[in-house]
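One file, run-v6.txt, is given below (compact mmCIF, N, CA and C atoms).
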# COMPACT_ATOMS: atom_id res chain seq x y z
N MET A 1 21.40 -11.54 -0.31
CA MET A 1 21.45 -10.16 0.11
C MET A 1 21.48 -10.09 1.64
N LYS A 2 22.33 -9.27 2.16
CA LYS A 2 22.45 -9.10 3.61
C LYS A 2 21.44 -8.05 4.06
N TYR A 3 20.30 -8.50 4.55
CA TYR A 3 19.24 -7.56 4.92
C TYR A 3 19.56 -6.82 6.21
N GLN A 4 20.33 -7.44 7.11
CA GLN A 4 20.66 -6.78 8.37
C GLN A 4 21.53 -5.55 8.15
N SER A 5 22.30 -5.54 7.07
CA SER A 5 23.15 -4.39 6.80
C SER A 5 22.36 -3.23 6.18
N MET A 6 21.13 -3.50 5.77
CA MET A 6 20.27 -2.46 5.22
C MET A 6 19.55 -1.75 6.37
N THR A 7 19.22 -0.49 6.16
CA THR A 7 18.40 0.22 7.15
C THR A 7 16.95 -0.22 6.98
N THR A 8 16.14 0.08 7.97
CA THR A 8 14.71 -0.21 7.88
C THR A 8 14.12 0.49 6.65
N ASN A 9 14.54 1.72 6.42
CA ASN A 9 14.03 2.47 5.27
C ASN A 9 14.42 1.79 3.96
N GLU A 10 15.63 1.25 3.88
CA GLU A 10 16.06 0.54 2.68
C GLU A 10 15.28 -0.75 2.49
N ARG A 11 15.01 -1.47 3.59
CA ARG A 11 14.21 -2.69 3.48
C ARG A 11 12.78 -2.35 3.04
N PHE A 12 12.26 -1.26 3.57
CA PHE A 12 10.93 -0.78 3.19
C PHE A 12 10.86 -0.56 1.68
N LYS A 13 11.83 0.15 1.14
CA LYS A 13 11.86 0.43 -0.30
C LYS A 13 12.05 -0.85 -1.11
N HIS A 14 12.97 -1.70 -0.66
CA HIS A 14 13.22 -2.98 -1.33
C HIS A 14 11.94 -3.82 -1.38
N LEU A 15 11.25 -3.88 -0.26
CA LEU A 15 10.01 -4.63 -0.19
C LEU A 15 8.99 -4.08 -1.17
N ARG A 16 8.77 -2.78 -1.13
CA ARG A 16 7.78 -2.15 -2.00
C ARG A 16 8.10 -2.33 -3.47
N LYS A 17 9.33 -1.98 -3.82
CA LYS A 17 9.72 -1.90 -5.22
C LYS A 17 10.11 -3.26 -5.82
N ASP A 18 11.02 -3.96 -5.16
CA ASP A 18 11.61 -5.17 -5.74
C ASP A 18 10.85 -6.46 -5.42
N VAL A 19 10.27 -6.52 -4.22
CA VAL A 19 9.60 -7.76 -3.81
C VAL A 19 8.11 -7.74 -4.19
N LEU A 20 7.42 -6.68 -3.80
CA LEU A 20 5.98 -6.60 -4.04
C LEU A 20 5.63 -5.95 -5.38
N ASP A 21 6.60 -5.28 -5.98
CA ASP A 21 6.39 -4.60 -7.26
C ASP A 21 5.22 -3.62 -7.18
N LYS A 22 5.22 -2.79 -6.15
CA LYS A 22 4.18 -1.78 -5.94
C LYS A 22 4.76 -0.40 -6.19
N THR A 23 3.92 0.50 -6.67
CA THR A 23 4.34 1.89 -6.82
C THR A 23 4.26 2.58 -5.46
N GLN A 24 4.89 3.72 -5.36
CA GLN A 24 4.79 4.49 -4.12
C GLN A 24 3.33 4.88 -3.86
N LEU A 25 2.60 5.19 -4.91
CA LEU A 25 1.20 5.56 -4.76
C LEU A 25 0.36 4.40 -4.23
N GLU A 26 0.61 3.19 -4.75
CA GLU A 26 -0.12 2.01 -4.25
C GLU A 26 0.17 1.76 -2.77
N PHE A 27 1.43 1.90 -2.40
CA PHE A 27 1.81 1.71 -1.00
C PHE A 27 1.20 2.81 -0.13
N ALA A 28 1.18 4.03 -0.64
CA ALA A 28 0.61 5.16 0.09
C ALA A 28 -0.86 4.91 0.42
N LYS A 29 -1.60 4.34 -0.52
CA LYS A 29 -3.02 4.06 -0.30
C LYS A 29 -3.21 3.04 0.82
N VAL A 30 -2.41 1.99 0.81
CA VAL A 30 -2.51 0.95 1.84
C VAL A 30 -2.22 1.53 3.23
N LEU A 31 -1.25 2.44 3.29
CA LEU A 31 -0.84 3.01 4.58
C LEU A 31 -1.61 4.29 4.92
N ASP A 32 -2.52 4.69 4.04
CA ASP A 32 -3.27 5.92 4.24
C ASP A 32 -2.31 7.10 4.45
N MET A 33 -1.34 7.18 3.55
CA MET A 33 -0.32 8.23 3.58
C MET A 33 -0.30 8.92 2.23
N SER A 34 0.46 9.98 2.17
CA SER A 34 0.67 10.66 0.89
C SER A 34 1.83 9.99 0.15
N HIS A 35 1.87 10.23 -1.15
CA HIS A 35 2.98 9.76 -1.96
C HIS A 35 4.29 10.32 -1.41
N ALA A 36 4.27 11.59 -1.01
CA ALA A 36 5.46 12.24 -0.45
C ALA A 36 5.91 11.57 0.84
N GLY A 37 4.96 11.09 1.64
CA GLY A 37 5.29 10.39 2.88
C GLY A 37 6.08 9.12 2.62
N ILE A 38 5.67 8.37 1.60
CA ILE A 38 6.39 7.15 1.22
C ILE A 38 7.80 7.52 0.76
N SER A 39 7.90 8.55 -0.04
CA SER A 39 9.20 9.01 -0.54
C SER A 39 10.13 9.41 0.60
N LYS A 40 9.58 10.07 1.61
CA LYS A 40 10.39 10.49 2.77
C LYS A 40 10.90 9.29 3.56
N ILE A 41 10.08 8.25 3.69
CA ILE A 41 10.52 7.04 4.39
C ILE A 41 11.65 6.38 3.59
N GLU A 42 11.44 6.23 2.29
CA GLU A 42 12.43 5.56 1.45
C GLU A 42 13.75 6.31 1.38
N SER A 43 13.70 7.62 1.46
CA SER A 43 14.93 8.42 1.39
C SER A 43 15.63 8.52 2.74
N GLY A 44 14.96 8.03 3.79
CA GLY A 44 15.56 8.07 5.13
C GLY A 44 15.30 9.35 5.88
N ASN A 45 14.47 10.23 5.32
CA ASN A 45 14.15 11.49 5.99
C ASN A 45 13.11 11.32 7.09
N THR A 46 12.34 10.24 7.02
CA THR A 46 11.32 9.93 8.02
C THR A 46 11.46 8.46 8.38
N ALA A 47 11.29 8.17 9.65
CA ALA A 47 11.36 6.77 10.10
C ALA A 47 10.03 6.06 9.81
N LEU A 48 10.13 4.78 9.54
CA LEU A 48 8.94 3.94 9.40
C LEU A 48 8.36 3.75 10.80
N THR A 49 7.11 4.13 10.98
CA THR A 49 6.49 3.98 12.30
C THR A 49 6.10 2.53 12.54
N GLU A 50 5.99 2.18 13.80
CA GLU A 50 5.57 0.82 14.16
C GLU A 50 4.17 0.55 13.62
N LYS A 51 3.30 1.55 13.70
CA LYS A 51 1.93 1.40 13.18
C LYS A 51 1.95 1.05 11.69
N ASN A 52 2.72 1.78 10.91
CA ASN A 52 2.79 1.50 9.47
C ASN A 52 3.47 0.17 9.18
N ALA A 53 4.48 -0.17 9.96
CA ALA A 53 5.14 -1.47 9.79
C ALA A 53 4.14 -2.60 10.01
N LYS A 54 3.30 -2.47 11.04
CA LYS A 54 2.32 -3.51 11.34
C LYS A 54 1.26 -3.60 10.25
N ILE A 55 0.88 -2.46 9.67
CA ILE A 55 -0.08 -2.48 8.56
C ILE A 55 0.51 -3.23 7.37
N ILE A 56 1.75 -2.93 7.04
CA ILE A 56 2.42 -3.61 5.93
C ILE A 56 2.49 -5.11 6.18
N CYS A 57 2.89 -5.48 7.39
CA CYS A 57 3.03 -6.90 7.72
C CYS A 57 1.69 -7.62 7.62
N LYS A 58 0.65 -6.99 8.10
CA LYS A 58 -0.67 -7.61 8.05
C LYS A 58 -1.19 -7.69 6.61
N GLU A 59 -1.06 -6.61 5.88
CA GLU A 59 -1.60 -6.53 4.51
C GLU A 59 -0.88 -7.47 3.54
N TYR A 60 0.44 -7.59 3.69
CA TYR A 60 1.24 -8.35 2.72
C TYR A 60 1.87 -9.61 3.32
N ASP A 61 1.50 -9.96 4.54
CA ASP A 61 2.02 -11.16 5.22
C ASP A 61 3.55 -11.12 5.32
N VAL A 62 4.06 -9.93 5.67
CA VAL A 62 5.51 -9.72 5.81
C VAL A 62 5.92 -9.98 7.25
N ASN A 63 7.08 -10.54 7.42
CA ASN A 63 7.65 -10.82 8.73
C ASN A 63 8.10 -9.49 9.36
N TYR A 64 7.48 -9.12 10.47
CA TYR A 64 7.78 -7.85 11.16
C TYR A 64 9.25 -7.76 11.54
N VAL A 65 9.82 -8.83 12.04
CA VAL A 65 11.23 -8.82 12.47
C VAL A 65 12.14 -8.59 11.27
N TRP A 66 11.79 -9.15 10.11
CA TRP A 66 12.59 -8.89 8.91
C TRP A 66 12.51 -7.41 8.53
N LEU A 67 11.29 -6.88 8.50
CA LEU A 67 11.11 -5.50 8.08
C LEU A 67 11.85 -4.53 8.99
N MET A 68 11.76 -4.73 10.28
CA MET A 68 12.35 -3.78 11.23
C MET A 68 13.84 -4.03 11.50
N TYR A 69 14.28 -5.30 11.45
CA TYR A 69 15.64 -5.64 11.87
C TYR A 69 16.45 -6.42 10.83
N GLY A 70 15.81 -6.85 9.76
CA GLY A 70 16.52 -7.59 8.72
C GLY A 70 16.81 -9.04 9.07
N GLU A 71 16.11 -9.58 10.06
CA GLU A 71 16.34 -10.96 10.50
C GLU A 71 15.23 -11.87 9.99
N GLY A 72 15.60 -13.07 9.58
CA GLY A 72 14.62 -14.05 9.15
C GLY A 72 14.21 -13.88 7.70
N GLU A 73 13.11 -14.49 7.36
CA GLU A 73 12.58 -14.46 6.00
C GLU A 73 11.72 -13.23 5.79
N ILE A 74 11.58 -12.82 4.56
CA ILE A 74 10.77 -11.64 4.25
C ILE A 74 9.30 -11.88 4.59
N PHE A 75 8.79 -13.03 4.20
CA PHE A 75 7.38 -13.30 4.43
C PHE A 75 7.20 -14.18 5.66
N SER A 76 6.10 -13.95 6.35
CA SER A 76 5.78 -14.69 7.56
C SER A 76 5.42 -16.13 7.24
N THR A 77 5.79 -16.99 8.14
CA THR A 77 5.32 -18.37 8.09
C THR A 77 4.10 -18.44 9.01
N ALA A 78 3.41 -19.55 9.03
CA ALA A 78 2.27 -19.71 9.93
C ALA A 78 2.73 -19.49 11.38
N LYS A 79 3.91 -20.01 11.71
CA LYS A 79 4.45 -19.84 13.07
C LYS A 79 4.71 -18.37 13.35
N GLN A 80 5.28 -17.68 12.38
CA GLN A 80 5.59 -16.26 12.55
C GLN A 80 4.30 -15.46 12.71
N ALA A 81 3.28 -15.80 11.94
CA ALA A 81 1.99 -15.11 12.03
C ALA A 81 1.38 -15.29 13.42
N LEU A 82 1.53 -16.48 13.98
CA LEU A 82 1.02 -16.75 15.32
C LEU A 82 1.77 -15.92 16.35
N ILE A 83 3.07 -15.83 16.23
CA ILE A 83 3.87 -15.01 17.14
C ILE A 83 3.49 -13.53 16.99
N ASP A 84 3.25 -13.10 15.76
CA ASP A 84 2.81 -11.72 15.52
C ASP A 84 1.50 -11.44 16.26
N ARG A 85 0.55 -12.36 16.17
CA ARG A 85 -0.73 -12.17 16.85
C ARG A 85 -0.55 -12.16 18.36
N LEU A 86 0.28 -13.06 18.87
CA LEU A 86 0.56 -13.12 20.30
C LEU A 86 1.19 -11.80 20.78
N ALA A 87 2.16 -11.30 20.02
CA ALA A 87 2.83 -10.05 20.37
C ALA A 87 1.84 -8.89 20.38
N ASP A 88 0.95 -8.86 19.41
CA ASP A 88 -0.07 -7.80 19.37
C ASP A 88 -1.04 -7.92 20.53
N GLU A 89 -1.51 -9.13 20.77
CA GLU A 89 -2.51 -9.36 21.82
C GLU A 89 -1.99 -8.96 23.20
N TYR A 90 -0.74 -9.31 23.48
CA TYR A 90 -0.16 -9.05 24.80
C TYR A 90 0.74 -7.82 24.82
N LYS A 91 0.74 -7.07 23.72
CA LYS A 91 1.53 -5.82 23.64
C LYS A 91 2.98 -6.06 24.07
N LEU A 92 3.58 -7.13 23.49
CA LEU A 92 4.95 -7.50 23.84
C LEU A 92 5.94 -6.49 23.28
N SER A 93 6.92 -6.15 24.09
CA SER A 93 8.03 -5.33 23.60
C SER A 93 8.83 -6.19 22.63
N GLU A 94 9.71 -5.56 21.87
CA GLU A 94 10.52 -6.32 20.93
C GLU A 94 11.41 -7.32 21.66
N GLN A 95 11.90 -6.94 22.84
CA GLN A 95 12.73 -7.84 23.64
C GLN A 95 11.94 -9.08 24.07
N LYS A 96 10.72 -8.89 24.53
CA LYS A 96 9.90 -10.03 24.94
C LYS A 96 9.51 -10.89 23.75
N ARG A 97 9.24 -10.25 22.62
CA ARG A 97 8.90 -10.99 21.41
C ARG A 97 10.04 -11.91 21.00
N LYS A 98 11.27 -11.38 21.01
CA LYS A 98 12.43 -12.19 20.64
C LYS A 98 12.64 -13.32 21.65
N LEU A 99 12.38 -13.05 22.92
CA LEU A 99 12.51 -14.09 23.94
C LEU A 99 11.52 -15.22 23.67
N VAL A 100 10.28 -14.89 23.34
CA VAL A 100 9.28 -15.91 23.01
C VAL A 100 9.75 -16.74 21.82
N GLU A 101 10.25 -16.08 20.78
CA GLU A 101 10.73 -16.80 19.60
C GLU A 101 11.87 -17.74 19.95
N ARG A 102 12.78 -17.28 20.78
CA ARG A 102 13.93 -18.12 21.15
C ARG A 102 13.50 -19.29 22.03
N ILE A 103 12.57 -19.06 22.95
CA ILE A 103 12.08 -20.14 23.81
C ILE A 103 11.39 -21.20 22.96
N LEU A 104 10.60 -20.78 21.99
CA LEU A 104 9.90 -21.75 21.13
C LEU A 104 10.87 -22.59 20.30
N ALA A 105 12.06 -22.08 20.06
CA ALA A 105 13.04 -22.81 19.26
C ALA A 105 13.88 -23.78 20.10
N LEU A 106 13.73 -23.76 21.42
CA LEU A 106 14.54 -24.62 22.29
C LEU A 106 14.07 -26.08 22.24
N SER A 107 15.01 -26.98 22.42
CA SER A 107 14.67 -28.41 22.54
C SER A 107 14.15 -28.65 23.96
N ASP A 108 13.59 -29.84 24.20
CA ASP A 108 13.11 -30.19 25.55
C ASP A 108 14.24 -30.11 26.58
N GLU A 109 15.41 -30.58 26.20
CA GLU A 109 16.56 -30.54 27.10
C GLU A 109 16.94 -29.09 27.43
N GLU A 110 16.95 -28.26 26.41
CA GLU A 110 17.28 -26.84 26.63
C GLU A 110 16.22 -26.14 27.48
N ILE A 111 14.95 -26.51 27.30
CA ILE A 111 13.87 -25.95 28.13
C ILE A 111 14.11 -26.33 29.59
N ASN A 112 14.48 -27.58 29.84
CA ASN A 112 14.75 -28.01 31.21
C ASN A 112 15.92 -27.24 31.81
N MET A 113 16.97 -27.05 31.04
CA MET A 113 18.12 -26.28 31.53
C MET A 113 17.71 -24.83 31.81
N PHE A 114 16.91 -24.28 30.95
CA PHE A 114 16.44 -22.90 31.10
C PHE A 114 15.59 -22.76 32.37
N THR A 115 14.61 -23.63 32.52
CA THR A 115 13.73 -23.51 33.69
C THR A 115 14.47 -23.80 34.98
N MET A 116 15.45 -24.69 34.94
CA MET A 116 16.27 -24.96 36.13
C MET A 116 17.05 -23.71 36.53
N SER A 117 17.67 -23.07 35.54
CA SER A 117 18.51 -21.92 35.85
C SER A 117 17.69 -20.69 36.25
N ILE A 118 16.52 -20.53 35.70
CA ILE A 118 15.70 -19.35 35.99
C ILE A 118 14.76 -19.58 37.17
N PHE A 119 14.08 -20.72 37.17
CA PHE A 119 13.03 -20.95 38.16
C PHE A 119 13.38 -21.99 39.22
N GLY A 120 14.46 -22.73 39.03
CA GLY A 120 14.87 -23.71 40.02
C GLY A 120 14.14 -25.04 39.93
N PHE A 121 13.44 -25.29 38.83
CA PHE A 121 12.81 -26.60 38.64
C PHE A 121 12.89 -26.97 37.17
N GLU A 122 12.69 -28.27 36.90
CA GLU A 122 12.69 -28.69 35.50
C GLU A 122 11.39 -29.39 35.17
N PHE A 123 11.02 -29.28 33.92
CA PHE A 123 9.83 -29.96 33.45
C PHE A 123 10.20 -31.41 33.19
N ILE A 124 9.34 -32.31 33.58
CA ILE A 124 9.58 -33.73 33.34
C ILE A 124 8.76 -34.12 32.12
N LYS A 125 9.46 -34.67 31.15
CA LYS A 125 8.79 -35.07 29.92
C LYS A 125 7.93 -36.30 30.18
N LYS A 126 6.65 -36.19 29.85
CA LYS A 126 5.73 -37.31 30.02
C LYS A 126 5.55 -38.03 28.71
N ASP A 127 5.70 -39.33 28.73
CA ASP A 127 5.55 -40.13 27.50
C ASP A 127 4.14 -40.63 27.35
Kindly present the structure from the file in structure tokens form.
Amino acid sequence: MKYQSMTTNERFKHLRKDVLDKTQLEFAKVLDMSHAGISKIESGNTALTEKNAKIICKEYDVNYVWLMYGEGEIFSTAKQALIDRLADEYKLSEQKRKLVERILALSDEEINMFTMSIFGFEFIKKD
């Protein structure tokens, strides 16, 4: 399934209904919302707030980037959970969060090229 082609609201509904097998009422309780509020999000009449997205991700170990943008796996890995905590702790914007994820995926050689181009020095690998 192409999750990026789905809207956030569609991913929200897919997660609730097809992945977690939860009723709208069960989801409403977790988010401290009304049943109607869940219905409005799923129908696209109301946007999923960042606060509610973070509650869902924390409660069900869902990957925030998947929920909001359709990228990556539905559920967080240990690495993803660590990045989530880092982003929360430092109040990272989505742009900074993605930058951190991309930097962590770089090889040592790519890190050296990156630091050379940005900072004018390279890290020397110590054996």
- [ ] Please identify all polymer residues within 8 Å of Tyr64 in chain A, counting only N, CA and C atoms, omitting same-chain residues fewer than 6 positions from it, and present them as an NGL selection string.
- [x] :A and (53-54 or 56-58 or 70-71 or 73-76 or 80 or 84)
Cut-off 8 Å: closest range 65-119 of chain A/range 12-24 of chain A atom pairs per residue, using only N, CA and C atoms, as JSON lines:
{"residue": "A:Trp66", "atom": "C", "partner": "A:Phe12", "partner_atom": "N", "distance": 7.9}
{"residue": "A:Leu67", "atom": "CA", "partner": "A:Phe12", "partner_atom": "N", "distance": 6.3}
{"residue": "A:Met68", "atom": "N", "partner": "A:Phe12", "partner_atom": "N", "distance": 7.6}
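Considering only C-alpha atoms, the residue among A:Asp32, A:Tyr90, A:Glu26, A:Asn9 positioned nearest to Asn45 in chain A is A:Asn9.
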- [ ] Could you tell me, as a PyMOL selection string, which residues of chain A DSSP assigns to alpha helix (DSSP H) when given the backbone?
- [x] chain A and resi 8-14+24-31+35-43+50-60+64-69+78-89+94-104+108-119
Open item on the list: List the spatial neighbours of Arg97 in chain A as a list of chain:residue names - criterion: any atom at most 8 Å away, only C-alpha atoms, same-chain residues fewer than 5 positions off excluded.
Closed with: A:Ile83, A:Ala87, A:Leu92
